[in-house]
$ cat structure16.cif   # mmCIF, C-alpha atoms
data_model
loop_
_atom_site.label_atom_id
_atom_site.label_comp_id
_atom_site.auth_asym_id
_atom_site.auth_seq_id
_atom_site.Cartn_x
_atom_site.Cartn_y
_atom_site.Cartn_z
CA MET A 34 -40.89 -11.92 4.89
CA ALA A 35 -37.67 -13.33 6.34
CA ARG A 36 -38.11 -15.28 9.54
CA THR A 37 -36.53 -14.29 12.83
CA TYR A 38 -33.67 -16.35 14.18
CA ARG A 39 -32.10 -17.01 17.56
CA THR A 40 -28.47 -17.24 18.64
CA ILE A 41 -26.15 -16.97 21.65
CA GLY A 42 -23.63 -14.15 21.31
CA ILE A 43 -21.22 -11.97 23.24
CA ASN A 44 -20.94 -8.21 22.65
CA LEU A 45 -17.41 -7.27 21.59
CA LYS A 46 -17.87 -3.75 20.22
CA ALA A 47 -20.52 -1.03 20.31
CA MET A 48 -20.91 2.34 18.64
CA PRO A 49 -23.71 4.93 18.37
CA LEU A 50 -26.06 4.64 15.42
CA GLY A 51 -28.54 7.39 14.60
CA GLU A 52 -30.20 9.29 17.43
CA SER A 53 -30.92 6.45 19.86
CA ASP A 54 -29.65 3.14 18.48
CA ARG A 55 -26.39 1.22 18.88
CA LEU A 56 -24.53 -0.85 16.34
CA LEU A 57 -23.13 -3.97 18.02
CA SER A 58 -20.41 -6.32 16.85
CA VAL A 59 -21.53 -9.63 18.33
CA PHE A 60 -19.59 -12.89 18.31
CA SER A 61 -22.25 -15.55 17.85
CA ARG A 62 -21.36 -19.08 18.88
CA ASP A 63 -23.03 -20.63 15.83
CA ARG A 64 -23.03 -17.74 13.31
CA GLY A 65 -19.67 -16.04 13.72
CA LEU A 66 -19.53 -12.25 13.49
CA LEU A 67 -22.87 -10.42 13.50
CA LYS A 68 -23.41 -6.68 13.00
CA LEU A 69 -26.66 -5.94 14.82
CA VAL A 70 -28.75 -2.88 15.47
CA ALA A 71 -29.87 -2.53 19.09
CA PRO A 72 -32.88 -0.20 18.63
CA HIS A 73 -33.44 2.61 21.15
CA SER A 74 -30.72 1.12 23.38
CA ARG A 75 -29.19 4.50 24.22
CA GLY A 76 -32.32 5.73 25.94
CA SER A 77 -32.67 5.63 29.72
CA ARG A 78 -35.85 3.55 29.41
CA SER A 79 -34.46 1.06 26.93
CA LYS A 80 -35.75 -2.49 27.32
CA LEU A 81 -32.32 -3.76 26.34
CA GLY A 82 -30.61 -1.86 29.17
CA GLY A 83 -27.31 -3.43 30.27
CA ARG A 84 -27.73 -6.27 27.78
CA VAL A 85 -25.91 -4.17 25.18
CA ASP A 86 -22.84 -3.61 27.41
CA LEU A 87 -19.49 -5.07 26.37
CA PHE A 88 -18.75 -8.69 27.27
CA VAL A 89 -22.37 -9.52 28.04
CA VAL A 90 -23.51 -12.88 26.66
CA ASN A 91 -27.12 -12.84 25.46
CA ASP A 92 -29.65 -15.23 24.06
CA LEU A 93 -30.77 -13.10 21.12
CA PHE A 94 -33.92 -13.03 19.02
CA ILE A 95 -33.11 -11.24 15.77
CA SER A 96 -35.06 -9.93 12.83
CA PRO A 97 -33.27 -9.94 9.46
CA GLY A 98 -33.08 -6.58 7.73
CA ARG A 99 -32.19 -5.36 4.27
CA ASN A 100 -28.80 -4.04 5.39
CA LEU A 101 -28.53 -4.79 9.09
CA ASP A 102 -30.33 -7.27 11.31
CA ARG A 103 -32.11 -5.94 14.40
CA ILE A 104 -32.32 -7.27 17.93
CA LEU A 105 -35.93 -7.92 18.91
CA GLN A 106 -35.26 -9.42 22.32
CA ALA A 107 -32.25 -10.26 24.46
CA GLU A 108 -32.06 -12.45 27.54
CA THR A 109 -28.79 -12.30 29.44
CA VAL A 110 -26.95 -15.60 29.77
CA ALA A 111 -23.74 -14.39 31.44
CA THR A 112 -22.03 -11.18 32.49
CA TYR A 113 -18.46 -10.57 33.61
CA GLN A 114 -19.00 -7.65 35.94
CA GLY A 115 -15.79 -8.36 37.83
CA LEU A 116 -13.74 -7.28 34.82
CA SER A 117 -14.49 -3.60 35.47
CA SER A 118 -13.29 -3.68 39.08
CA HIS A 119 -9.65 -3.23 38.02
CA LEU A 120 -8.09 -1.42 35.07
CA ILE A 121 -5.77 -4.33 34.28
CA THR A 122 -8.56 -6.93 34.03
CA LEU A 123 -10.70 -4.63 31.88
CA THR A 124 -7.72 -3.88 29.63
CA ALA A 125 -6.92 -7.59 29.32
CA ALA A 126 -10.54 -8.33 28.38
CA GLN A 127 -10.55 -5.57 25.77
CA TYR A 128 -7.22 -6.86 24.41
CA LEU A 129 -8.68 -10.35 23.97
CA GLY A 130 -11.86 -8.95 22.45
CA GLU A 131 -9.95 -6.93 19.89
CA VAL A 132 -7.87 -9.91 18.81
CA VAL A 133 -10.93 -12.16 18.56
CA LEU A 134 -12.73 -9.59 16.40
CA TYR A 135 -9.96 -9.97 13.82
CA GLN A 136 -10.24 -13.77 13.97
CA ILE A 137 -13.97 -14.20 13.37
CA HIS A 138 -15.95 -13.90 10.15
CA PRO A 139 -19.65 -13.67 9.23
CA GLN A 140 -21.53 -16.95 8.96
CA GLN A 141 -18.52 -18.94 10.19
CA PRO A 142 -19.26 -20.81 13.42
CA GLN A 143 -16.29 -20.98 15.80
CA PRO A 144 -17.71 -22.54 18.96
CA ASP A 145 -14.32 -23.51 20.39
CA LEU A 146 -13.05 -19.94 20.11
CA PHE A 147 -16.30 -18.61 21.60
CA ASP A 148 -16.01 -20.96 24.58
CA TRP A 149 -12.31 -20.19 25.08
CA LEU A 150 -12.98 -16.44 25.15
CA CYS A 151 -15.82 -16.80 27.67
CA ILE A 152 -13.76 -19.09 29.91
CA THR A 153 -10.82 -16.67 29.88
CA LEU A 154 -13.02 -13.65 30.62
CA ASP A 155 -14.57 -15.49 33.54
CA GLN A 156 -11.15 -16.40 34.95
CA LEU A 157 -9.94 -12.79 34.68
CA GLN A 158 -12.54 -11.52 37.13
CA GLY A 159 -11.18 -10.35 40.46
CA VAL A 160 -7.54 -11.38 39.98
CA SER A 161 -4.36 -9.42 40.67
CA SER A 162 -2.39 -7.56 38.02
CA ARG A 163 0.20 -10.29 37.73
CA ALA A 164 -2.45 -13.00 37.48
CA ALA A 165 -4.34 -11.00 34.86
CA LEU A 166 -1.20 -10.76 32.73
CA ALA A 167 -0.61 -14.50 32.94
CA LEU A 168 -4.23 -15.31 32.05
CA LEU A 169 -4.11 -12.83 29.19
CA VAL A 170 -0.98 -14.40 27.71
CA ARG A 171 -2.46 -17.90 28.07
CA GLY A 172 -5.64 -16.59 26.44
CA LEU A 173 -3.68 -15.20 23.49
CA CYS A 174 -1.87 -18.52 23.06
CA GLY A 175 -5.23 -20.29 22.95
CA ILE A 176 -6.59 -17.88 20.35
CA LEU A 177 -3.49 -18.42 18.18
CA ARG A 178 -3.85 -22.19 18.53
CA LEU A 179 -7.54 -22.16 17.58
CA GLY A 180 -6.79 -19.83 14.68
CA GLY A 181 -4.18 -22.24 13.33
CA ILE A 182 -1.30 -19.77 13.61
CA ALA A 183 0.28 -20.77 16.91
CA PRO A 184 4.09 -20.37 16.83
CA GLU A 185 6.35 -23.39 17.01
CA TRP A 186 8.33 -23.47 20.26
CA TYR A 187 9.90 -26.93 20.30
CA GLN A 188 11.52 -27.32 16.90
CA CYS A 189 13.86 -25.11 14.86
CA HIS A 190 12.11 -24.14 11.64
CA GLU A 191 15.49 -23.95 9.85
CA SER A 192 17.05 -27.30 10.77
CA GLY A 193 14.13 -29.28 12.16
CA CYS A 194 16.15 -30.01 15.31
CA GLN A 195 14.49 -30.18 18.70
CA ILE A 196 15.13 -27.18 20.93
CA ALA A 197 16.96 -27.98 24.17
CA VAL A 198 16.61 -25.06 26.58
CA PRO A 199 19.30 -24.76 29.29
CA ALA A 200 18.06 -25.23 32.84
CA ALA A 201 19.50 -21.92 34.05
CA ASP A 202 19.41 -18.43 32.60
CA THR A 203 22.63 -17.86 30.67
CA ASP A 204 23.76 -15.91 27.61
CA TRP A 205 21.98 -18.56 25.51
CA ARG A 206 19.63 -17.06 22.94
CA LEU A 207 17.16 -18.36 20.39
CA GLY A 208 15.75 -16.61 17.34
CA PHE A 209 12.02 -16.09 16.86
CA SER A 210 10.68 -15.49 13.35
CA PHE A 211 7.32 -13.76 12.88
CA ALA A 212 7.15 -14.68 9.19
CA ARG A 213 7.99 -18.36 9.63
CA GLY A 214 6.03 -18.70 12.83
CA GLY A 215 8.47 -20.07 15.34
CA VAL A 216 11.89 -20.39 16.90
CA PHE A 217 15.22 -21.07 15.25
CA THR A 218 18.74 -21.64 16.52
CA LEU A 219 21.50 -19.06 16.29
CA THR A 220 24.80 -20.68 15.32
CA GLU A 221 28.21 -19.44 16.35
CA GLN A 222 29.27 -19.66 12.71
CA CYS A 223 26.69 -17.03 11.75
CA PRO A 224 28.54 -13.70 11.33
CA ASP A 225 27.36 -10.63 13.23
CA ASN A 226 26.43 -8.76 10.06
CA ALA A 227 24.19 -11.66 8.98
CA LEU A 228 22.42 -11.61 12.33
CA ALA A 229 21.95 -7.87 12.06
CA GLY A 230 20.28 -8.32 8.68
CA LEU A 231 18.10 -11.13 10.01
CA PHE A 232 16.74 -9.19 12.97
CA SER A 233 16.34 -5.91 11.12
CA GLY A 234 13.19 -7.46 9.62
CA GLY A 235 11.47 -7.35 13.00
CA ASP A 236 12.31 -10.81 14.35
CA ARG A 237 13.45 -11.27 17.93
CA GLN A 238 16.06 -12.97 20.05
CA LEU A 239 14.60 -14.78 23.06
CA THR A 240 16.18 -15.71 26.37
CA ALA A 241 16.05 -19.17 27.91
CA SER A 242 13.31 -18.06 30.32
CA GLU A 243 11.15 -16.67 27.52
CA VAL A 244 11.47 -19.87 25.48
CA ARG A 245 10.69 -22.06 28.51
CA LEU A 246 7.56 -20.01 29.20
CA GLY A 247 6.50 -20.19 25.55
CA GLN A 248 6.97 -23.97 25.55
CA TRP A 249 5.00 -24.36 28.79
CA LEU A 250 2.10 -22.29 27.47
CA ALA A 251 2.04 -24.29 24.22
CA MET A 252 1.35 -27.53 26.10
CA THR A 253 -2.24 -28.77 25.91
CA THR A 254 -2.06 -29.68 29.59
CA THR A 255 -1.22 -26.07 30.47
CA GLN A 256 -4.10 -24.78 28.38
CA ALA A 257 -6.45 -27.11 30.25
CA LEU A 258 -5.32 -26.23 33.80
CA ALA A 259 -7.91 -24.79 36.17
CA ARG A 260 -7.32 -21.14 36.99
CA ASP A 261 -5.86 -21.53 40.47
CA GLU A 262 -3.53 -24.34 39.48
CA PHE A 263 -2.39 -22.43 36.42
CA LEU A 264 -1.68 -19.29 38.44
CA THR A 265 0.25 -21.25 41.05
CA GLN A 266 2.55 -22.70 38.39
CA ALA A 267 2.76 -19.33 36.62
CA GLU A 268 4.38 -17.85 39.72
CA THR A 269 7.60 -19.69 38.88
CA TYR A 270 8.19 -17.29 35.97
CA PRO A 271 9.24 -13.68 36.77
CA LEU A 272 6.89 -10.84 35.91
CA SER A 273 9.48 -9.40 33.52
CA VAL A 274 9.38 -12.63 31.47
CA TRP A 275 5.58 -12.51 31.23
CA LEU A 276 5.76 -8.89 30.07
CA SER A 277 8.41 -9.70 27.49
CA LEU A 278 6.52 -12.69 26.09
CA GLU A 279 3.32 -10.65 25.83
CA ARG A 280 5.23 -8.12 23.74
CA VAL A 281 6.51 -10.91 21.46
CA LEU A 282 3.00 -12.32 21.00
CA ARG A 283 1.66 -8.80 20.37
CA GLN A 284 4.13 -8.27 17.53
CA TYR A 285 3.47 -11.76 16.22
CA LEU A 286 -0.29 -11.14 16.16
CA GLN A 287 0.10 -7.79 14.43
CA PHE A 288 2.32 -9.37 11.80
CA HIS A 289 -0.13 -12.17 10.99
CA LEU A 290 -3.30 -10.09 11.32
CA GLU A 291 -1.70 -7.27 9.32
CA GLN A 292 -3.27 -4.88 11.80
CA THR A 293 -1.96 -2.55 14.48
CA LEU A 294 -3.76 -3.44 17.69
CA ARG A 295 -5.13 -0.44 19.61
CA VAL A 296 -5.66 -1.86 23.10
CA PRO A 297 -2.28 -3.51 23.93
CA PRO A 298 -0.38 -0.21 24.48
CA LEU A 299 -2.76 0.47 27.38
CA LEU A 300 -1.37 -2.65 29.02
CA ASP A 301 2.08 -1.07 29.23
CA SER A 302 0.76 1.78 31.37
CA CYS A 303 -0.81 -0.73 33.75
CA PHE A 304 2.65 -2.05 34.64
CA SER A 305 4.62 1.20 34.53
CA PRO A 306 7.32 1.74 35.75
CA VAL A 307 8.13 -1.97 35.27
CA ALA A 308 10.54 -2.18 32.38
CA VAL A 309 9.24 -4.01 29.31
CA SER A 310 11.76 -5.57 26.92
CA GLN A 311 11.92 -3.65 23.69
CA PRO A 312 12.09 -5.33 20.28
#

$ encode --input "structure16.cif" --output "structure tokens"
Amino acid sequence: MARTYRTIGINLKAMPLGESDRLLSVFSRDRGLLKLVAPHSRGSRSKLGGRVDLFVVNDLFISPGRNLDRILQAETVATYQGLSSHLITLTAAQYLGEVVLYQIHPQQPQPDLFDWLCITLDQLQGVSSRAALALLVRGLCGILRLGGIAPEWYQCHESGCQIAVPAADTDWRLGFSFARGGVFTLTEQCPDNALAGLFSGGDRQLTASEVRLGQWLAMTTTQALARDEFLTQAETYPLSVWLSLERVLRQYLQFHLEQTLRVPPLLDSCFSPVAVSQP
């Protein structure tokens, strides 16, 4: 008989299974994606109780099964109850969880990604809408970096030249390619019809403010900032720029994951009637 095993994992998805069970998608720190049965967890007297809720981190004792492994015991390590106090923080958490689910695989440990997700969820608790957006965007940048698909913000992928962003907002624009994973310069010699063909494929033109924000978020020092210090510096960028860059990263993620993300459109309603830049 197969022996039980133990792991630390966070619940990222749950769905009913049978009459009283739940099927959980758990991100294990040392085992990657696990599909686990939480037996009798839908009953009011379930021993698992709130341990099967989303974004709960548990120390799990698991019994291997023929098709699906089963949770024998769960001891809660961490919860992020503050996420549910505001729609925006809960939406941001669900957004991150959905993206991470596409990034993890069975039997593939990703401890850095696990830790980054937990840190970001913890920082999202109890913050304002604007702060939640900034933390979400930084969280997405970290997930892209750890997944090895972070876009290039400092160097033109066409010419290899360093990007010099003007200090003030002007008519200056930079191209952003989803397929090639980064920014590129737009030359005056490029005819309008060529540009139209280039951007018809779904790529974007970015403003100076959007590029500056992307470059700032790509810095390892920015990724490592404590929450309060990060949010203080984030205030220097207008809300409209944060919204626009989130939309760019959303499209970029969908392109590389080859999936349409379900949660991000809910984010738009959280900031309505604030205008969001359209692609």

$ resolve_selection --input "structure16.cif" --expression "the PyMOL selection byres ((chain A and resi 67) around 9)" --output "list in words"
Gly42, Leu57, Ser58, Val59, Phe60, Ser61, Arg64, Gly65, Leu66, Lys68, Leu69, Asp102, His138, Pro139 and Gln140 of chain A

$ atom_distance --input "structure16.cif" --atom1 "CA of Lys46 in chain A" --atom2 "CA of Phe88 in chain A"
8.7 Å

$ atom_distance --input "structure16.cif" --atom1 "CA of Tyr113 in chain A" --atom2 "CA of Ile43 in chain A"
10.8 Å

$ residues_near_point --input "structure16.cif" --point "(-0.5, -23.5, 18.5)" --cutoff "12 Å" --atoms "all atoms listed in the file" --output "VMD selection string"
chain A and resid 171 to 187 214 to 215 247 to 253 256 282

$ write_last_selection --input "structure16.cif" --atoms "C-alpha atoms" --output "mmCIF file, in the coordinates of the input"
data_model
loop_
_atom_site.group_PDB
_atom_site.id
_atom_site.type_symbol
_atom_site.label_atom_id
_atom_site.label_comp_id
_atom_site.auth_asym_id
_atom_site.auth_seq_id
_atom_site.Cartn_x
_atom_site.Cartn_y
_atom_site.Cartn_z
ATOM 1 C CA ARG A 171 -2.460 -17.900 28.070
ATOM 2 C CA GLY A 172 -5.640 -16.590 26.440
ATOM 3 C CA LEU A 173 -3.680 -15.200 23.490
ATOM 4 C CA CYS A 174 -1.870 -18.520 23.060
ATOM 5 C CA GLY A 175 -5.230 -20.290 22.950
ATOM 6 C CA ILE A 176 -6.590 -17.880 20.350
ATOM 7 C CA LEU A 177 -3.490 -18.420 18.180
ATOM 8 C CA ARG A 178 -3.850 -22.190 18.530
ATOM 9 C CA LEU A 179 -7.540 -22.160 17.580
ATOM 10 C CA GLY A 180 -6.790 -19.830 14.680
ATOM 11 C CA GLY A 181 -4.180 -22.240 13.330
ATOM 12 C CA ILE A 182 -1.300 -19.770 13.610
ATOM 13 C CA ALA A 183 0.280 -20.770 16.910
ATOM 14 C CA PRO A 184 4.090 -20.370 16.830
ATOM 15 C CA GLU A 185 6.350 -23.390 17.010
ATOM 16 C CA TRP A 186 8.330 -23.470 20.260
ATOM 17 C CA TYR A 187 9.900 -26.930 20.300
ATOM 18 C CA GLY A 214 6.030 -18.700 12.830
ATOM 19 C CA GLY A 215 8.470 -20.070 15.340
ATOM 20 C CA GLY A 247 6.500 -20.190 25.550
ATOM 21 C CA GLN A 248 6.970 -23.970 25.550
ATOM 22 C CA TRP A 249 5.000 -24.360 28.790
ATOM 23 C CA LEU A 250 2.100 -22.290 27.470
ATOM 24 C CA ALA A 251 2.040 -24.290 24.220
ATOM 25 C CA MET A 252 1.350 -27.530 26.100
ATOM 26 C CA THR A 253 -2.240 -28.770 25.910
ATOM 27 C CA GLN A 256 -4.100 -24.780 28.380
ATOM 28 C CA LEU A 282 3.000 -12.320 21.000
#

$ residues_around --input "structure16.cif" --residues "Thr203 in chain A" --least-positions-apart "3" --cutoff "9 Å" --atoms "all atoms listed in the file" --output "number ranges by chain"
A: 199-200, 206, 240-241

$ residues_around --input "structure16.cif" --residues "Pro72 in chain A" --least-positions-apart "4" --cutoff "12 Å" --atoms "all atoms listed in the file" --output "compact mmCIF listing (two decimals) with C-alpha atoms, in the frame of the given file"
# COMPACT_ATOMS: atom_id res chain seq x y z
CA PRO A 49 -23.71 4.93 18.37
CA LEU A 50 -26.06 4.64 15.42
CA GLY A 51 -28.54 7.39 14.60
CA GLU A 52 -30.20 9.29 17.43
CA SER A 53 -30.92 6.45 19.86
CA ASP A 54 -29.65 3.14 18.48
CA ARG A 55 -26.39 1.22 18.88
CA LEU A 56 -24.53 -0.85 16.34
CA LEU A 57 -23.13 -3.97 18.02
CA GLY A 76 -32.32 5.73 25.94
CA ARG A 78 -35.85 3.55 29.41
CA SER A 79 -34.46 1.06 26.93
CA LYS A 80 -35.75 -2.49 27.32
CA LEU A 81 -32.32 -3.76 26.34
CA GLY A 82 -30.61 -1.86 29.17
CA VAL A 85 -25.91 -4.17 25.18
CA ILE A 95 -33.11 -11.24 15.77
CA SER A 96 -35.06 -9.93 12.83
CA LEU A 101 -28.53 -4.79 9.09
CA ASP A 102 -30.33 -7.27 11.31
CA ARG A 103 -32.11 -5.94 14.40
CA ILE A 104 -32.32 -7.27 17.93
CA LEU A 105 -35.93 -7.92 18.91
CA GLN A 106 -35.26 -9.42 22.32
CA ALA A 107 -32.25 -10.26 24.46

$ resolve_selection --input "structure16.cif" --expression "the PyMOL selection byres ((chain A and resi 123) around 10)" --output "PyMOL selection string"
chain A and resi 113-122+124-129+154+157-158+165+300

$ write_last_selection --input "structure16.cif" --atoms "C-alpha atoms" --output "PDB file, in the coordinates of the input"
ATOM      1  CA  TYR A 113     -18.460 -10.570  33.610  1.00  0.00           C
ATOM      2  CA  GLN A 114     -19.000  -7.650  35.940  1.00  0.00           C
ATOM      3  CA  GLY A 115     -15.790  -8.360  37.830  1.00  0.00           C
ATOM      4  CA  LEU A 116     -13.740  -7.280  34.820  1.00  0.00           C
ATOM      5  CA  SER A 117     -14.490  -3.600  35.470  1.00  0.00           C
ATOM      6  CA  SER A 118     -13.290  -3.680  39.080  1.00  0.00           C
ATOM      7  CA  HIS A 119      -9.650  -3.230  38.020  1.00  0.00           C
ATOM      8  CA  LEU A 120      -8.090  -1.420  35.070  1.00  0.00           C
ATOM      9  CA  ILE A 121      -5.770  -4.330  34.280  1.00  0.00           C
ATOM     10  CA  THR A 122      -8.560  -6.930  34.030  1.00  0.00           C
ATOM     11  CA  THR A 124      -7.720  -3.880  29.630  1.00  0.00           C
ATOM     12  CA  ALA A 125      -6.920  -7.590  29.320  1.00  0.00           C
ATOM     13  CA  ALA A 126     -10.540  -8.330  28.380  1.00  0.00           C
ATOM     14  CA  GLN A 127     -10.550  -5.570  25.770  1.00  0.00           C
ATOM     15  CA  TYR A 128      -7.220  -6.860  24.410  1.00  0.00           C
ATOM     16  CA  LEU A 129      -8.680 -10.350  23.970  1.00  0.00           C
ATOM     17  CA  LEU A 154     -13.020 -13.650  30.620  1.00  0.00           C
ATOM     18  CA  LEU A 157      -9.940 -12.790  34.680  1.00  0.00           C
ATOM     19  CA  GLN A 158     -12.540 -11.520  37.130  1.00  0.00           C
ATOM     20  CA  ALA A 165      -4.340 -11.000  34.860  1.00  0.00           C
ATOM     21  CA  LEU A 300      -1.370  -2.650  29.020  1.00  0.00           C
TER      22      LEU A 300
END

$ closest_residue --input "structure16.cif" --among "A:Leu45, A:Leu246, A:Ala259, A:Leu134" --to "Val170 in chain A" --atoms "all atoms listed in the file"
A:Leu246

$ build_atoms --input "structure16.cif" --residues "range 50-72 of chain A" --atoms "N, CA and C atoms" --output "mmCIF file, keeping the file's coordinate frame"
data_model
loop_
_atom_site.group_PDB
_atom_site.id
_atom_site.type_symbol
_atom_site.label_atom_id
_atom_site.label_comp_id
_atom_site.auth_asym_id
_atom_site.auth_seq_id
_atom_site.Cartn_x
_atom_site.Cartn_y
_atom_site.Cartn_z
ATOM 1 N N LEU A 50 -25.476 4.706 16.749
ATOM 2 C CA LEU A 50 -26.060 4.640 15.420
ATOM 3 C C LEU A 50 -27.336 5.476 15.437
ATOM 4 N N GLY A 51 -27.380 6.520 14.621
ATOM 5 C CA GLY A 51 -28.540 7.390 14.600
ATOM 6 C C GLY A 51 -28.695 8.144 15.916
ATOM 7 N N GLU A 52 -29.939 8.482 16.245
ATOM 8 C CA GLU A 52 -30.200 9.290 17.430
ATOM 9 C C GLU A 52 -30.270 8.469 18.713
ATOM 10 N N SER A 53 -30.693 7.211 18.613
ATOM 11 C CA SER A 53 -30.920 6.450 19.860
ATOM 12 C C SER A 53 -30.487 4.998 19.793
ATOM 13 N N ASP A 54 -30.008 4.551 18.633
ATOM 14 C CA ASP A 54 -29.650 3.140 18.480
ATOM 15 C C ASP A 54 -28.161 2.914 18.746
ATOM 16 N N ARG A 55 -27.793 1.645 18.834
ATOM 17 C CA ARG A 55 -26.390 1.220 18.880
ATOM 18 C C ARG A 55 -26.166 0.178 17.798
ATOM 19 N N LEU A 56 -24.965 0.200 17.248
ATOM 20 C CA LEU A 56 -24.530 -0.850 16.340
ATOM 21 C C LEU A 56 -23.564 -1.749 17.102
ATOM 22 N N LEU A 57 -23.924 -3.019 17.251
ATOM 23 C CA LEU A 57 -23.130 -3.970 18.020
ATOM 24 C C LEU A 57 -22.388 -4.931 17.104
ATOM 25 N N SER A 58 -21.147 -5.208 17.459
ATOM 26 C CA SER A 58 -20.410 -6.320 16.850
ATOM 27 C C SER A 58 -20.494 -7.474 17.833
ATOM 28 N N VAL A 59 -21.224 -8.505 17.445
ATOM 29 C CA VAL A 59 -21.530 -9.630 18.330
ATOM 30 C C VAL A 59 -20.864 -10.885 17.793
ATOM 31 N N PHE A 60 -20.170 -11.592 18.674
ATOM 32 C CA PHE A 60 -19.590 -12.890 18.310
ATOM 33 C C PHE A 60 -20.602 -13.961 18.676
ATOM 34 N N SER A 61 -21.257 -14.504 17.653
ATOM 35 C CA SER A 61 -22.250 -15.550 17.850
ATOM 36 C C SER A 61 -21.575 -16.914 17.848
ATOM 37 N N ARG A 62 -22.000 -17.758 18.766
ATOM 38 C CA ARG A 62 -21.360 -19.080 18.880
ATOM 39 C C ARG A 62 -21.578 -19.927 17.624
ATOM 40 N N ASP A 63 -22.727 -19.779 16.987
ATOM 41 C CA ASP A 63 -23.030 -20.630 15.830
ATOM 42 C C ASP A 63 -23.147 -19.862 14.510
ATOM 43 N N ARG A 64 -22.916 -18.528 14.532
ATOM 44 C CA ARG A 64 -23.030 -17.740 13.310
ATOM 45 C C ARG A 64 -21.839 -16.817 13.075
ATOM 46 N N GLY A 65 -20.825 -16.887 13.914
ATOM 47 C CA GLY A 65 -19.670 -16.040 13.720
ATOM 48 C C GLY A 65 -19.957 -14.584 14.036
ATOM 49 N N LEU A 66 -19.395 -13.683 13.250
ATOM 50 C CA LEU A 66 -19.530 -12.250 13.490
ATOM 51 C C LEU A 66 -20.880 -11.748 12.983
ATOM 52 N N LEU A 67 -21.609 -11.039 13.855
ATOM 53 C CA LEU A 67 -22.870 -10.420 13.500
ATOM 54 C C LEU A 67 -22.784 -8.918 13.760
ATOM 55 N N LYS A 68 -23.248 -8.125 12.813
ATOM 56 C CA LYS A 68 -23.410 -6.680 13.000
ATOM 57 C C LYS A 68 -24.893 -6.438 13.219
ATOM 58 N N LEU A 69 -25.257 -6.021 14.436
ATOM 59 C CA LEU A 69 -26.660 -5.940 14.820
ATOM 60 C C LEU A 69 -27.030 -4.552 15.312
ATOM 61 N N VAL A 70 -28.215 -4.116 14.950
ATOM 62 C CA VAL A 70 -28.750 -2.880 15.470
ATOM 63 C C VAL A 70 -29.500 -3.183 16.772
ATOM 64 N N ALA A 71 -29.144 -2.457 17.827
ATOM 65 C CA ALA A 71 -29.870 -2.530 19.090
ATOM 66 C C ALA A 71 -30.759 -1.290 19.163
ATOM 67 N N PRO A 72 -32.034 -1.390 18.752
ATOM 68 C CA PRO A 72 -32.880 -0.200 18.630
ATOM 69 C C PRO A 72 -33.183 0.464 19.968
#
